[in-house]
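Remarks on the structure that follows.
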Amino acid sequence: MQKLRAYVEEIVELNSAVALAFWDQRTHMPPQGDEARARVVARLTRLAFDRLIAPELDRLLREAEIESAGLPDRDRHIIAHWRREHDRKRSVPPELFQRHVAACVAAESVWEKAKEKSDFRMFKPLLEEVVMLTQEIAHKIGFTDSPYDALLEEFEPGTTTRKLRTLIGPLVDSLTLLVRACSDEDPPLGLPPGPFPVDAQRTLSHVALKAIGYDFSAGRLDDTTHPFTTGIGPGDVRVTNRYKEDDVLSGLFGALHEGGHALYDQGIPVELSWTGLHGAASFGIHESQSRLWENQIGRSAAFWTYFHPQLVRHLPAFSMTNPQDLVRASTRVAPSLIRTDADEVTYNLHIAIRFELEVGLIEGEISVGELPELWSSTYQRYLGVEPANDAEGVLQDVHWSAGMFGYFPSYLLGNLYASQLMNALERDISDLWDRVRQGELSPILRWLNEHVHRHGAALKPEELIEKATGSPPSAEPFIAYLNQRYK
Ligand code: ZN
């Protein structure tokens with residue numbers, strides 16, 4: 001076991017260097033640094049990958065597996081984690097893997113141009129190539145029911161297409177009804193129009209991050225174009241954000257969202273460092289942490305009772321508003337075409353559409369050429385809106401060009417998990433909302449530390465949710481939460 005631990009440490013260290021290089025690229029790197037950075041990241045990634053698929057790791061795992069019955073739980077989780085990673089990556093022939101990487105690089109650069117010109121035809125042959133290679137990879141990895149299961153496993157271990165269908169079907173039915181019942185066509189009233197200085201907004205993000213318990217001595221906040229959070233390693237978890245001069249809430253909810261991700265990484269016990277378990281149970285569990293702080297807490301009346309004076313202090317134009325104005329503006333529902341702008345009621349419908357389409361693509365039931373048509377008709381059916389062109393339709397997301405099939409469901413699962421966790425929090429902390437009104441948010445963080453963060457990547461998402469909440473993953477708490485807040 002000692003040899004195994006020493007071996008995997010180096011993989012984790014290499015990945016930490018990649019994370020730092022990536023963070024720098026998206027925040028402070030000069031534009032001309034692109035080529036040099038790509039070279040270094042490719043080298044580091046390759047070193048980590050080679051070490052991961054090496055027969056030496058297989059040998060060390062076998063040795064550890066023989067003695068595993070007598071080992072503590074943590075060691076057994078470490079063995080299971082690396083066995084899964086190793087087998088999965090080993091199952092794809094290096095030549096196929098390289099072709100897939102090359103196809104994605106080509107597709108992503110054409111996707112950017114195609115989106116600018118709003119021309120799906122430009123992108124179509126490249127996406128066909130990516131889909132074909134992704135199908136091939138799924139077959140190499142192996143599956144029981146659907147090739148899409150093999151892809152899901154990368155993001156949500158243990159989740160299958162069938163399980164997702166049973167969650168998403170009833171969810172779509174409830175959401176389409178709710179959207180019709182509570183949509184608000186009028187622009188939000190009562191907020192000052194701006195412009196709001198970016199400096200003041202950045203300070204407000206600092207205040208919000210501090211309020212939820214983000215530790216600045218183990219992190220930092222920087223500007224970027226597409227906000228993200230990255231755990232470089234223990235003691236170093238960084239948040240990025242962006243600000244719109246005419247929309248304060250966009251930056252503020254961005255800070256709460258990324259802050260939720262960061263609290264997860266900051267809350268993982270230091271003993272798990274360099275083992276491979278100092279990470280999330282899944283992408284969906286990670287997203288549950290961001291959504292819980294952004295939506296369940298950040299859009300609540302209790303939060304705005306506490307936070308409104310802070311907003312006014314840093315952006316005095318808001319002194320003409322009251323907390324209810326901010327709650328109204330934070331919970332406005334309007335069907336839209338763009339996923340990343342969607343409110344929390346319509347958001348999961350955007351995901352359900354992508355889920356249906358990508359399952360169809362990977363299972364071979366849908367051809368790439370049919371996508372624009374199907375995109376429009378499904379948007380019409382679910383949300384009552386139709387894109388006027390490909391840019392605001394099928395070309396809007398980067399994921400497919402990057403070969404990230406199976407990733408979208410994590411966003412949806414994150415919302416469902418967040419509601420289940422919130423129910424458990426309310427059950428365990430009886431005066432929770434009174435405390436939020438006072439700005440006492442630390443009991444929430446402590447609860448999440450104890451029930452979610454503590455496990456790192458040791459548990460599968462389903463196990464974690466069941467352990468933390470007492471129930472397996474379900475859409476019902478989320479539907480109940482939306483009905484309560486929006487109906
Ligand atoms: Zn997120």
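Chain labels run A, B, ... following the order of the structure tokens; each chain numbers its residues from 1, and ligands are numbered from 1 in the order shown.
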
(message) Please identify all protein, DNA and RNA residues within 8 Å of ligand 1, counting only C-alpha atoms and all ligand atoms, and report them as a ChimeraX atom specification.
(response) /A:228,257-258,261,286-287,290-291,411

(request) Could you find all residues in stretch 82-329 of chain A that DSSP calls strand (DSSP E) from the backbone, and write them as an MDAnalysis selection string? (result) chainID A and resid 221:223 229:233 236:241

(message) Give me the residues near A:Arg99 as number ranges by chain, where near means some atom within 9 Å (using only C-alpha atoms) and where sequence neighbours in that chain fewer than 5 positions away do not count.
(response) A: 94, 104, 133

(request) Write down as JSON, numbers by chain the residues of stretch 135-309 of chain A whose backbone DSSP state falls under helix (DSSP H, G or I). (result) {"A": [135, 136, 137, 138, 139, 140, 141, 147, 148, 149, 150, 151, 152, 153, 154, 155, 161, 162, 163, 164, 165, 166, 167, 168, 169, 170, 171, 172, 173, 174, 175, 176, 177, 178, 179, 180, 181, 182, 198, 199, 200, 201, 202, 203, 204, 205, 206, 207, 208, 209, 210, 211, 212, 216, 217, 218, 248, 249, 250, 251, 252, 253, 254, 255, 256, 257, 258, 259, 260, 261, 262, 263, 264, 265, 266, 267, 270, 271, 272, 283, 284, 285, 286, 287, 288, 289, 290, 291, 292, 293, 294, 295, 296, 297, 301, 302, 303, 304, 305, 306, 307, 308, 309]}

(message) I want to know what sits within 9 Å of A:Arg83, based on only C-alpha atoms, with residues of the same chain fewer than 5 positions away left out; could you give that as number ranges by chain?
(response) A: 57-58, 61, 78, 88

Output file for the residues above (N, CA and C atoms, as a CSV table (one decimal), in the first residue's frame):
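Wrote it out as out.csv, contents follow:
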chain,number,residue,atom,x,y,z
A,57,LEU,N,1.4,0.5,-12.4
A,57,LEU,CA,0.3,0.9,-11.5
A,57,LEU,C,-0.6,-0.4,-11.4
A,58,ASP,N,-0.8,-1.1,-12.5
A,58,ASP,CA,-1.7,-2.3,-12.4
A,58,ASP,C,-1.1,-3.3,-11.4
A,61,LEU,N,-1.5,-2.0,-7.8
A,61,LEU,CA,-2.9,-2.2,-7.4
A,61,LEU,C,-3.2,-3.6,-7.1
A,78,ILE,N,-8.9,4.3,-1.7
A,78,ILE,CA,-7.8,4.7,-2.6
A,78,ILE,C,-7.6,3.7,-3.6
A,88,ARG,N,-10.3,2.2,-16.7
A,88,ARG,CA,-11.1,3.0,-17.6
A,88,ARG,C,-10.2,3.5,-18.7

(request) Identify, on the basis of only C-alpha atoms, every residue whose closest approach to A:Leu177 does not exceed 12 Å; exclude the query and any residue fewer than 2 positions from it along the same chain; express the result as a list in words. (result) Pro170, Leu171, Val172, Asp173, Ser174, Leu175, Val179, Arg180, Ala181, Cys182, Ser183, Val345, Thr346, Leu349, Arg381, Tyr382, Leu383, Gly384, Ile479, Leu482, Asn483, Tyr486 and Lys487 of chain A

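If you count only C-alpha atoms and ignore residues fewer than 4 places along the chain from A:Gly284, what sits within 8 Å of it is Phe155, Glu156, Ser288, Pro409, Ser410, Tyr411, Leu412, Leu413, Gly414, Tyr417 and Pro461 of chain A.
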
Excluding same-chain residues fewer than 2 positions from A:Glu108, what lies within 8 Å of it counting only C-alpha atoms, as a CSV table (one decimal) with N, CA, C and O atoms, in the first residue's frame?
chain,number,residue,atom,x,y,z
A,104,CYS,N,-11.2,16.6,-31.4
A,104,CYS,CA,-11.8,17.6,-30.5
A,104,CYS,C,-11.2,19.0,-30.6
A,104,CYS,O,-11.8,20.0,-30.7
A,105,VAL,N,-9.8,19.0,-30.7
A,105,VAL,CA,-9.1,20.2,-30.9
A,105,VAL,C,-9.6,20.9,-32.2
A,105,VAL,O,-9.9,22.1,-32.2
A,106,ALA,N,-9.7,20.1,-33.3
A,106,ALA,CA,-10.1,20.7,-34.6
A,106,ALA,C,-11.6,21.2,-34.5
A,106,ALA,O,-11.9,22.3,-34.9
A,110,VAL,N,-13.2,25.1,-35.0
A,110,VAL,CA,-14.2,25.4,-36.1
A,110,VAL,C,-15.6,25.8,-35.4
A,110,VAL,O,-16.3,26.6,-35.9
A,111,TRP,N,-15.9,25.2,-34.2
A,111,TRP,CA,-17.1,25.5,-33.5
A,111,TRP,C,-17.1,27.0,-33.2
A,111,TRP,O,-18.1,27.7,-33.4
A,112,GLU,N,-16.0,27.6,-32.8
A,112,GLU,CA,-15.9,29.0,-32.5
A,112,GLU,C,-16.3,29.8,-33.7
A,112,GLU,O,-17.1,30.8,-33.6
A,398,VAL,N,-20.1,24.8,-25.7
A,398,VAL,CA,-18.8,24.3,-26.2
A,398,VAL,C,-18.7,22.8,-26.0
A,398,VAL,O,-17.9,22.1,-26.7
A,401,SER,N,-18.3,20.0,-28.9
A,401,SER,CA,-17.1,20.2,-29.7
A,401,SER,C,-15.9,19.7,-28.9
A,401,SER,O,-14.9,19.2,-29.5
A,402,ALA,N,-16.0,19.8,-27.6
A,402,ALA,CA,-14.9,19.3,-26.7
A,402,ALA,C,-15.0,17.9,-26.4
A,402,ALA,O,-14.2,17.3,-25.6

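Of the residues listed (A:Arg59, A:Ile429, A:Phe478, A:Ala352), A:Ile429 shows the shortest atom-to-atom separation from A:Leu445; distances use only C-alpha atoms.
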
(request) Pick out the closest residue to A:Tyr264 from this set: A:His278, A:His453, A:Lys115, A:His86. Count only C-alpha atoms. (result) A:His453

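Among A:Gln98, A:Ser474, A:Gln289, A:Thr275, the residue with the shortest atom-to-atom distance to A:Met1, counting only C-alpha atoms, is A:Thr275.
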
Give me, as CSV, the closest atom pair and its distance (Å, one decimal) for every residue of stretch 276-336 of chain A within a cut-off of 8 Å of stretch 195-218 of chain A, counting only C-alpha atoms, rows sorted by chain and rising number.
residue,atom,partner,partner_atom,distance
A:Gln310,CA,A:Leu204,CA,7.9
A:Leu311,CA,A:Leu204,CA,7.1
A:His314,CA,A:Ala200,CA,6.0
A:Leu315,CA,A:Ala200,CA,6.8

Take the residues that were just selected and, keeping N, CA, C and O atoms, output them as a PDB file, in the first residue's frame.
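Saved as selection.pdb:
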ATOM      1  N   GLN A 310     -25.603  45.153   2.987  1.00  0.00           N
ATOM      2  CA  GLN A 310     -24.237  45.041   2.433  1.00  0.00           C
ATOM      3  C   GLN A 310     -24.212  45.540   0.990  1.00  0.00           C
ATOM      4  O   GLN A 310     -23.278  46.213   0.564  1.00  0.00           O
ATOM      5  N   LEU A 311     -25.235  45.168   0.261  1.00  0.00           N
ATOM      6  CA  LEU A 311     -25.349  45.606  -1.133  1.00  0.00           C
ATOM      7  C   LEU A 311     -25.400  47.130  -1.199  1.00  0.00           C
ATOM      8  O   LEU A 311     -24.671  47.753  -1.984  1.00  0.00           O
ATOM      9  N   HIS A 314     -22.057  48.950  -0.523  1.00  0.00           N
ATOM     10  CA  HIS A 314     -21.044  48.952  -1.588  1.00  0.00           C
ATOM     11  C   HIS A 314     -21.559  49.549  -2.886  1.00  0.00           C
ATOM     12  O   HIS A 314     -20.782  50.043  -3.703  1.00  0.00           O
ATOM     13  N   LEU A 315     -22.874  49.524  -3.085  1.00  0.00           N
ATOM     14  CA  LEU A 315     -23.472  50.100  -4.290  1.00  0.00           C
ATOM     15  C   LEU A 315     -24.668  50.952  -3.855  1.00  0.00           C
ATOM     16  O   LEU A 315     -25.811  50.487  -3.860  1.00  0.00           O
TER      17      LEU A 315
END

(request) Find, counting only C-alpha atoms, the residue in A:Trp82, A:Gly219, A:Thr134, A:Ala301 that gets nearest to A:Arg62. (result) A:Trp82

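Closest approach to A:Val394 from the set A:Val452, A:Ile232, A:Ile338, A:Met422 is made by A:Ile338, with distances taken over only C-alpha atoms.
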
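Among the candidates A:Arg485, A:Lys460, A:Ser430, A:Tyr347, the residue lying nearest to A:Ser282 is A:Lys460 (atoms considered: only C-alpha atoms).
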
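Taking atom CA of A:Leu371 and atom CA of A:Gly406 as endpoints, the distance between them is 16.8 Å.
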